[in-house]
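Student: Following this line is start_21.txt, made up of compact mmCIF, C-alpha atoms and all ligand atoms:
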```txt
# COMPACT_ATOMS: atom_id res chain seq x y z
CA MET P 1 -12.65 35.35 -96.19
CA THR P 2 -10.91 37.31 -93.43
CA THR P 3 -11.51 36.44 -89.79
CA GLU P 4 -9.65 39.49 -88.51
CA LYS P 5 -11.58 41.34 -85.83
CA PRO P 6 -10.40 44.74 -84.56
CA ALA P 7 -9.89 45.23 -80.82
CA VAL P 8 -11.50 48.68 -80.98
CA GLN P 9 -14.56 50.08 -82.71
CA ARG P 10 -13.95 53.83 -82.67
CA VAL P 11 -10.61 55.60 -82.38
CA LEU P 12 -9.18 59.10 -82.42
CA LEU P 13 -5.98 59.09 -84.45
CA LYS P 14 -3.52 61.94 -83.83
CA LEU P 15 -1.14 62.23 -86.78
CA SER P 16 2.13 64.09 -86.46
CA GLY P 17 2.17 67.27 -88.50
CA GLU P 18 5.95 67.32 -88.53
CA ALA P 19 6.12 63.82 -89.99
CA LEU P 20 4.10 65.06 -93.00
CA MET P 21 7.24 66.79 -94.28
CA GLY P 22 8.82 63.43 -95.06
CA ASP P 23 12.36 64.23 -96.16
CA ASP P 24 11.41 67.73 -97.28
CA ALA P 25 12.42 70.88 -95.37
CA TYR P 26 8.81 71.92 -94.66
CA GLY P 27 5.27 71.51 -95.97
CA ILE P 28 3.49 68.38 -97.16
CA ASN P 29 5.34 65.51 -98.81
CA ARG P 30 3.08 63.83 -101.36
CA GLU P 31 4.34 60.31 -100.82
CA THR P 32 4.10 60.62 -97.04
CA ILE P 33 0.52 61.90 -96.97
CA LEU P 34 -0.55 59.18 -99.40
CA ARG P 35 1.03 56.53 -97.20
CA MET P 36 -0.79 57.93 -94.13
CA ALA P 37 -4.12 57.95 -96.01
CA ASN P 38 -3.61 54.35 -97.11
CA GLU P 39 -2.90 53.23 -93.56
CA VAL P 40 -6.15 54.89 -92.41
CA ALA P 41 -8.02 53.23 -95.29
CA GLU P 42 -6.73 49.85 -94.19
CA VAL P 43 -8.27 50.15 -90.71
CA SER P 44 -11.40 51.91 -91.92
CA LYS P 45 -12.07 48.93 -94.21
CA LEU P 46 -11.94 46.68 -91.14
CA GLY P 47 -15.00 48.57 -89.88
CA VAL P 48 -13.17 50.75 -87.36
CA GLU P 49 -14.63 54.28 -87.08
CA VAL P 50 -11.74 56.71 -87.44
CA ALA P 51 -11.57 60.36 -86.46
CA VAL P 52 -8.31 62.21 -87.10
CA VAL P 53 -6.52 65.20 -85.64
CA ILE P 54 -3.39 66.27 -87.50
CA GLY P 55 -0.72 68.58 -86.10
CA GLY P 56 0.70 71.66 -87.76
CA GLY P 57 4.42 71.46 -86.94
CA ASN P 58 5.38 70.99 -90.61
CA ILE P 59 4.04 74.48 -91.34
CA PHE P 60 3.90 76.53 -88.16
CA ARG P 61 4.35 76.21 -84.42
CA GLY P 62 3.05 78.98 -82.18
CA MET P 63 5.86 78.62 -79.64
CA ALA P 64 8.39 79.39 -82.37
CA GLY P 65 6.42 82.46 -83.46
CA GLY P 66 6.19 83.54 -79.83
CA ALA P 67 9.91 83.03 -79.34
CA ALA P 68 10.59 85.14 -82.44
CA GLY P 69 8.73 88.08 -80.88
CA MET P 70 5.19 87.55 -82.15
CA ASP P 71 2.22 87.86 -79.88
CA ARG P 72 1.73 84.28 -78.64
CA ALA P 73 -2.03 84.10 -79.21
CA THR P 74 -1.66 85.42 -82.76
CA ALA P 75 1.09 82.88 -83.43
CA ASP P 76 -1.15 80.12 -82.05
CA TYR P 77 -4.00 81.11 -84.38
CA MET P 78 -1.52 80.83 -87.25
CA GLY P 79 -0.64 77.35 -85.97
CA MET P 80 -4.32 76.40 -85.92
CA LEU P 81 -4.70 77.60 -89.51
CA ALA P 82 -1.72 75.42 -90.43
CA THR P 83 -3.64 72.41 -89.11
CA VAL P 84 -6.57 73.40 -91.36
CA MET P 85 -4.27 73.22 -94.39
CA ASN P 86 -2.96 69.81 -93.34
CA SER P 87 -6.50 68.58 -92.66
CA LEU P 88 -7.68 69.69 -96.10
CA ALA P 89 -4.71 67.99 -97.76
CA LEU P 90 -5.25 64.79 -95.80
CA ALA P 91 -9.01 64.63 -96.46
CA ASP P 92 -8.43 65.33 -100.15
CA THR P 93 -5.89 62.50 -100.33
CA MET P 94 -8.28 60.17 -98.52
CA ASN P 95 -11.13 61.04 -100.88
CA ASN P 96 -8.82 60.34 -103.84
CA ILE P 97 -8.12 56.80 -102.66
CA GLY P 98 -11.79 55.90 -102.14
CA LEU P 99 -12.46 56.87 -98.53
CA THR P 100 -15.12 59.46 -97.71
CA ALA P 101 -13.56 62.08 -95.49
CA ARG P 102 -15.07 65.22 -93.95
CA VAL P 103 -13.18 68.12 -92.38
CA MET P 104 -14.70 69.97 -89.42
CA SER P 105 -13.05 73.11 -88.07
CA ALA P 106 -12.97 74.38 -84.49
CA ILE P 107 -12.67 77.95 -85.80
CA SER P 108 -15.24 79.47 -88.06
CA ILE P 109 -14.13 79.53 -91.73
CA GLU P 110 -17.32 78.29 -93.31
CA GLN P 111 -16.39 79.10 -96.91
CA VAL P 112 -13.57 76.60 -96.54
CA VAL P 113 -14.74 73.83 -94.19
CA GLU P 114 -17.83 73.06 -92.17
CA PRO P 115 -17.77 73.95 -88.48
CA TYR P 116 -17.28 71.32 -85.79
CA VAL P 117 -20.72 70.17 -84.65
CA ARG P 118 -20.54 67.12 -82.40
CA PRO P 119 -23.79 65.36 -83.45
CA LYS P 120 -22.84 65.78 -87.10
CA ALA P 121 -19.39 64.33 -86.43
CA LEU P 122 -20.99 61.34 -84.69
CA GLN P 123 -23.34 60.86 -87.63
CA TYR P 124 -20.43 60.86 -90.11
CA LEU P 125 -18.56 58.30 -88.02
CA GLU P 126 -21.61 56.04 -87.83
CA GLU P 127 -21.87 56.31 -91.63
CA GLY P 128 -18.28 55.04 -91.96
CA LYS P 129 -16.84 58.39 -93.01
CA VAL P 130 -13.47 59.53 -91.71
CA VAL P 131 -13.79 62.81 -89.81
CA VAL P 132 -10.77 65.12 -89.72
CA PHE P 133 -10.95 67.65 -86.89
CA ALA P 134 -9.12 70.82 -87.94
CA ALA P 135 -7.94 73.93 -86.06
CA GLY P 136 -7.15 72.09 -82.83
CA THR P 137 -9.33 73.07 -79.89
CA GLY P 138 -10.00 76.49 -81.45
CA ASN P 139 -8.15 78.15 -78.57
CA PRO P 140 -4.61 79.51 -78.29
CA PHE P 141 -2.20 78.13 -75.67
CA PHE P 142 -3.25 74.56 -76.48
CA THR P 143 -1.88 71.86 -78.81
CA THR P 144 -3.30 69.37 -81.24
CA ASP P 145 -2.46 66.63 -78.72
CA THR P 146 -4.94 68.26 -76.35
CA ALA P 147 -7.40 68.61 -79.25
CA ALA P 148 -7.01 64.87 -79.85
CA ALA P 149 -7.75 64.11 -76.19
CA LEU P 150 -10.74 66.50 -76.19
CA ARG P 151 -12.32 65.26 -79.42
CA GLY P 152 -11.51 61.67 -78.49
CA ALA P 153 -13.48 62.08 -75.26
CA GLU P 154 -16.34 63.91 -77.01
CA ILE P 155 -16.88 61.22 -79.65
CA GLY P 156 -16.56 58.36 -77.17
CA ALA P 157 -13.40 56.93 -78.73
CA GLN P 158 -12.08 53.81 -77.01
CA LEU P 159 -8.48 54.76 -77.66
CA VAL P 160 -6.41 57.78 -78.68
CA LEU P 161 -3.72 56.71 -81.12
CA LYS P 162 -0.71 59.02 -81.26
CA ALA P 163 1.17 58.26 -84.46
CA THR P 164 4.43 60.12 -84.11
CA LYS P 165 8.12 60.22 -85.04
CA VAL P 166 9.24 57.79 -82.31
CA ASP P 167 8.01 54.24 -81.66
CA GLY P 168 6.68 54.79 -78.15
CA VAL P 169 7.18 56.58 -74.85
CA TYR P 170 10.75 56.57 -73.51
CA THR P 171 12.28 57.34 -70.13
CA ALA P 172 13.62 60.54 -71.80
CA ASP P 173 13.44 62.05 -75.28
CA PRO P 174 15.22 59.35 -77.35
CA LYS P 175 16.26 61.97 -79.91
CA LYS P 176 18.32 63.71 -77.22
CA ASP P 177 19.25 60.83 -74.92
CA PRO P 178 20.39 57.64 -76.71
CA SER P 179 20.41 55.73 -73.40
CA ALA P 180 16.63 56.24 -72.95
CA THR P 181 14.58 53.04 -72.83
CA ARG P 182 11.06 52.44 -74.10
CA TYR P 183 8.08 51.61 -71.89
CA ASP P 184 5.65 48.89 -73.00
CA LYS P 185 3.08 50.61 -70.83
CA LEU P 186 2.87 53.22 -68.09
CA THR P 187 0.16 55.06 -66.19
CA PHE P 188 -0.95 58.64 -66.81
CA ASP P 189 0.22 59.55 -63.32
CA GLU P 190 3.72 58.23 -64.09
CA ALA P 191 3.84 60.10 -67.42
CA ILE P 192 2.77 63.35 -65.77
CA ALA P 193 5.00 62.97 -62.69
CA LYS P 194 8.05 62.19 -64.85
CA ASN P 195 7.18 65.10 -67.16
CA LEU P 196 7.64 62.90 -70.24
CA GLY P 197 7.62 65.24 -73.22
CA ILE P 198 5.94 62.97 -75.73
CA MET P 199 2.61 64.74 -75.08
CA ASP P 200 1.72 67.82 -73.09
CA ALA P 201 0.43 67.42 -69.55
CA THR P 202 -2.97 68.91 -70.45
CA ALA P 203 -3.58 66.10 -72.96
CA PHE P 204 -2.44 63.44 -70.48
CA ALA P 205 -4.61 64.88 -67.69
CA LEU P 206 -7.72 65.08 -69.87
CA CYS P 207 -7.33 61.47 -71.01
CA ARG P 208 -6.65 60.33 -67.45
CA ASP P 209 -9.78 62.08 -66.15
CA GLN P 210 -11.90 60.61 -68.94
CA LYS P 211 -10.30 57.15 -68.58
CA LEU P 212 -9.31 57.27 -72.22
CA PRO P 213 -6.13 55.26 -72.89
CA ILE P 214 -3.47 56.40 -75.37
CA LYS P 215 -1.28 54.26 -77.64
CA VAL P 216 1.91 55.93 -78.86
CA PHE P 217 3.54 54.35 -81.91
CA SER P 218 5.65 55.17 -84.95
CA ILE P 219 4.04 56.85 -87.91
CA PHE P 220 6.96 55.64 -90.05
CA LYS P 221 6.47 51.92 -89.40
CA PRO P 222 4.33 50.37 -92.15
CA GLY P 223 1.34 48.46 -90.77
CA ALA P 224 1.76 49.78 -87.21
CA LEU P 225 -1.65 51.46 -87.16
CA LYS P 226 -3.37 48.24 -88.18
CA ARG P 227 -1.41 46.27 -85.59
CA VAL P 228 -2.56 48.71 -82.90
CA VAL P 229 -6.25 48.49 -83.82
CA MET P 230 -5.96 44.69 -83.97
CA GLY P 231 -4.73 44.77 -80.37
CA GLU P 232 -1.26 43.47 -81.25
CA ASP P 233 1.89 44.36 -79.37
CA GLU P 234 2.99 47.73 -80.77
CA GLY P 235 4.27 50.97 -79.23
CA THR P 236 3.48 52.13 -75.69
CA LEU P 237 0.15 52.11 -73.86
CA VAL P 238 -0.57 54.96 -71.44
CA TYR P 239 -3.42 53.97 -69.17
CA ILE P 240 -5.20 54.86 -65.92
N1 LIG P 301 9.81 60.66 -73.08
C1 LIG P 301 9.70 60.74 -74.42
N2 LIG P 301 9.43 59.61 -75.15
C2 LIG P 301 9.30 59.68 -76.48
N3 LIG P 301 9.43 60.82 -77.19
C3 LIG P 301 9.69 61.97 -76.53
C4 LIG P 301 9.84 61.98 -75.13
N4 LIG P 301 10.08 63.25 -74.73
C5 LIG P 301 10.09 64.01 -75.83
N5 LIG P 301 9.85 63.25 -76.93
C6 LIG P 301 9.80 63.79 -78.29
O1 LIG P 301 8.43 64.09 -78.57
C7 LIG P 301 8.28 64.06 -79.99
C8 LIG P 301 6.83 63.85 -80.36
O2 LIG P 301 6.05 64.89 -79.88
P1 LIG P 301 5.52 66.15 -80.75
O3 LIG P 301 4.19 66.47 -80.16
O4 LIG P 301 6.55 67.22 -80.81
O5 LIG P 301 5.47 65.62 -82.19
P2 LIG P 301 4.28 65.23 -83.10
O6 LIG P 301 3.02 65.09 -82.34
O7 LIG P 301 4.80 64.03 -83.78
O8 LIG P 301 4.28 66.49 -84.09
P3 LIG P 301 3.18 67.64 -84.34
O9 LIG P 301 3.09 68.46 -83.10
O10 LIG P 301 3.73 68.35 -85.51
O11 LIG P 301 1.90 66.95 -84.64
C9 LIG P 301 9.15 62.90 -80.41
O12 LIG P 301 9.62 63.07 -81.72
C10 LIG P 301 10.27 62.87 -79.39
O13 LIG P 301 11.48 63.35 -79.91
O1 LIG P 302 -5.81 73.81 -79.83
C1 LIG P 302 -4.79 74.27 -80.39
C2 LIG P 302 -4.02 73.53 -81.29
C3 LIG P 302 -2.93 74.08 -81.89
N1 LIG P 302 -2.57 75.37 -81.60
C4 LIG P 302 -1.42 75.99 -82.30
O2 LIG P 302 -1.09 75.31 -83.50
C5 LIG P 302 0.26 74.84 -83.47
C6 LIG P 302 0.38 73.53 -84.20
O3 LIG P 302 -0.11 72.48 -83.41
P1 LIG P 302 0.86 71.31 -82.88
O4 LIG P 302 0.08 70.56 -81.87
O5 LIG P 302 2.08 71.96 -82.27
O6 LIG P 302 1.21 70.52 -84.07
C7 LIG P 302 0.60 74.81 -81.98
O7 LIG P 302 1.99 74.91 -81.75
C8 LIG P 302 -0.14 76.03 -81.47
O8 LIG P 302 0.58 77.18 -81.84
C9 LIG P 302 -3.30 76.09 -80.70
O9 LIG P 302 -2.98 77.25 -80.40
N2 LIG P 302 -4.41 75.53 -80.12
```
Any chance you could give the structure as structure tokens?
Tutor:
Amino acid sequence: MTTEKPAVQRVLLKLSGEALMGDDAYGINRETILRMANEVAEVSKLGVEVAVVIGGGNIFRGMAGGAAGMDRATADYMGMLATVMNSLALADTMNNIGLTARVMSAISIEQVVEPYVRPKALQYLEEGKVVVFAAGTGNPFFTTDTAAALRGAEIGAQLVLKATKVDGVYTADPKKDPSATRYDKLTFDEAIAKNLGIMDATAFALCRDQKLPIKVFSIFKPGALKRVVMGEDEGTLVYI
């Protein structure tokens, strides 16, 4: 019999869209998405209620479309649709491995997925289903990090978990500055004042105002998600 007891009861997990590519040039790598689904299953089986927001960087990023001469809002809607595709793929993979996952979209595409309705999302979570929030906030000029902060606050999550390509928050982008060092923890005010690019300032500010802490950790490290929900030392905590 296991005596393991999670440190949190309900979490909002933000999964990197870009990481979904695995070693491929773009799109969804089968092995990678299966590994992500299995990690979620592991914590769901511990009784933790899990809601997920997945990015769209493996398919489309609005900034890039904007930079290439597209109307920014149009490019952002394309980015939101990319997150719908990733959400459908993730939920399908989860359902295949025995979880029950539901996708809810912030933009209306009812033939494809049900719309986001907060009480329904809460009901699913209470029933032990994994809820995947698709299409970000439903508004251009935002990101899925902000969607994670927003939905996390709405569902009363105790923690936002940002599973990303680096193992925490650094003094500078570690992919560009090899001398950057990792924080064990830092406050929202520090993260915003130092303009640390791991998340956008809107997401940080929303979490700060709602007193919703964020854990940043590596999506590539096996077992890291479970370690975080068990309250073990992993990644970086951003707190008020
Ligand atoms: N101070 C910093 N500490 C850590 N990473 C940073 C920092 N500044 C910038 N980064 C970069 O931010 C990236 C993660 O943020 P980003 O939102 O782009 O990715 P993601 O959330 O993993 O992807 P997606 O948007 O596709 O979901 C890291 O891969 C890292 O290179
Ligand atoms: O609320 C939102 C969320 C996302 N977008 C657009 O989608 C892409 C992909 O999301 P990432 O967070 O970068 O993975 C993003 O670049 C935006 O173009 C949005 O407009 N609104």
Student: Of the residues P:Ile97, P:Ile33, P:Leu20, P:Met85, which is the one nearest to ligand LIG 301 (chain P), using all atoms listed in the file?
Tutor: P:Leu20
Student: Let me see if you get this right: every residue at most 8 Å from ligand LIG 301 (chain P), counting only C-alpha atoms and all ligand atoms, written as a PDB file with C-alpha atoms, keeping the file's coordinate frame.
Tutor:
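As written to disk, result.pdb reads:
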```pdb
ATOM      1  CA  LYS P  14      -3.520  61.940 -83.830  1.00  0.00           C
ATOM      2  CA  LEU P  15      -1.140  62.230 -86.780  1.00  0.00           C
ATOM      3  CA  SER P  16       2.130  64.090 -86.460  1.00  0.00           C
ATOM      4  CA  GLY P  17       2.170  67.270 -88.500  1.00  0.00           C
ATOM      5  CA  GLU P  18       5.950  67.320 -88.530  1.00  0.00           C
ATOM      6  CA  ALA P  19       6.120  63.820 -89.990  1.00  0.00           C
ATOM      7  CA  ILE P  54      -3.390  66.270 -87.500  1.00  0.00           C
ATOM      8  CA  GLY P  55      -0.720  68.580 -86.100  1.00  0.00           C
ATOM      9  CA  GLY P  56       0.700  71.660 -87.760  1.00  0.00           C
ATOM     10  CA  GLY P  57       4.420  71.460 -86.940  1.00  0.00           C
ATOM     11  CA  ASN P  58       5.380  70.990 -90.610  1.00  0.00           C
ATOM     12  CA  ARG P  61       4.350  76.210 -84.420  1.00  0.00           C
ATOM     13  CA  THR P 143      -1.880  71.860 -78.810  1.00  0.00           C
ATOM     14  CA  THR P 144      -3.300  69.370 -81.240  1.00  0.00           C
ATOM     15  CA  ASP P 145      -2.460  66.630 -78.720  1.00  0.00           C
ATOM     16  CA  LYS P 162      -0.710  59.020 -81.260  1.00  0.00           C
ATOM     17  CA  ALA P 163       1.170  58.260 -84.460  1.00  0.00           C
ATOM     18  CA  THR P 164       4.430  60.120 -84.110  1.00  0.00           C
ATOM     19  CA  LYS P 165       8.120  60.220 -85.040  1.00  0.00           C
ATOM     20  CA  VAL P 166       9.240  57.790 -82.310  1.00  0.00           C
ATOM     21  CA  ASP P 167       8.010  54.240 -81.660  1.00  0.00           C
ATOM     22  CA  GLY P 168       6.680  54.790 -78.150  1.00  0.00           C
ATOM     23  CA  VAL P 169       7.180  56.580 -74.850  1.00  0.00           C
ATOM     24  CA  TYR P 170      10.750  56.570 -73.510  1.00  0.00           C
ATOM     25  CA  THR P 171      12.280  57.340 -70.130  1.00  0.00           C
ATOM     26  CA  ALA P 172      13.620  60.540 -71.800  1.00  0.00           C
ATOM     27  CA  ASP P 173      13.440  62.050 -75.280  1.00  0.00           C
ATOM     28  CA  PRO P 174      15.220  59.350 -77.350  1.00  0.00           C
ATOM     29  CA  LYS P 175      16.260  61.970 -79.910  1.00  0.00           C
ATOM     30  CA  LYS P 176      18.320  63.710 -77.220  1.00  0.00           C
ATOM     31  CA  ARG P 182      11.060  52.440 -74.100  1.00  0.00           C
ATOM     32  CA  ASN P 195       7.180  65.100 -67.160  1.00  0.00           C
ATOM     33  CA  LEU P 196       7.640  62.900 -70.240  1.00  0.00           C
ATOM     34  CA  GLY P 197       7.620  65.240 -73.220  1.00  0.00           C
ATOM     35  CA  ILE P 198       5.940  62.970 -75.730  1.00  0.00           C
ATOM     36  CA  MET P 199       2.610  64.740 -75.080  1.00  0.00           C
ATOM     37  CA  ASP P 200       1.720  67.820 -73.090  1.00  0.00           C
TER      38      ASP P 200
END
```
Student: Taking all atoms listed in the file into account, list the residues no farther than 9 Å from ligand LIG 302 (chain P), as an NGL selection string.
Tutor: :P and (16-18 or 54-66 or 72-83 or 106 or 134-147)
Student: Please provide as number ranges by chain all residues within 10 Å of Asn96 in chain P, with the sequence filter that same-chain residues fewer than 5 positions apart are discarded (counting all atoms listed in the file).
Tutor: P: 34, 37, 90-91, 101
Student: What would the list of residues within 12 Å of (-16.1, 66.2, -76.4) (file frame) look like as a list of chain:residue names, if all atoms listed in the file are what count?
Tutor: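 Those within range, by chain then number, are P:Leu12, P:Ala106, P:Tyr116, P:Val117, P:Arg118, P:Pro119, P:Ala121, P:Leu122, P:Phe133, P:Thr137, P:Thr146, P:Ala147, P:Ala148, P:Ala149, P:Leu150, P:Arg151, P:Gly152, P:Ala153, P:Glu154, P:Ile155, P:Gly156, P:Ala157, P:Leu206, P:Cys207, P:Gln210, P:Leu212.
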Student: Rounded to one decimal, what separation in Å do you get between CA of Val103 in chain P and CA of Pro6 in chain P?
Tutor: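 Computing it gives 24.8 Å between the two atoms.
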Student: For Val113 in chain P, please output as a PDB file with C-alpha atoms, keeping the file's coordinate frame all residues within 8 Å (counting only C-alpha atoms; exclusion window: fewer than 4 positions along the same chain).
Tutor:
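What ended up in around-v3.pdb:
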```pdb
ATOM      1  CA  VAL P 103     -13.180  68.120 -92.380  1.00  0.00           C
ATOM      2  CA  MET P 104     -14.700  69.970 -89.420  1.00  0.00           C
ATOM      3  CA  SER P 105     -13.050  73.110 -88.070  1.00  0.00           C
ATOM      4  CA  ILE P 109     -14.130  79.530 -91.730  1.00  0.00           C
TER       5      ILE P 109
END
```
Student: Point out the residue among P:Thr187, P:Asn38, P:Asn86, P:Ser44 with the least atom-to-atom distance to Val229 in chain P, counting all atoms listed in the file.
Tutor: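 Closest candidate: P:Ser44.
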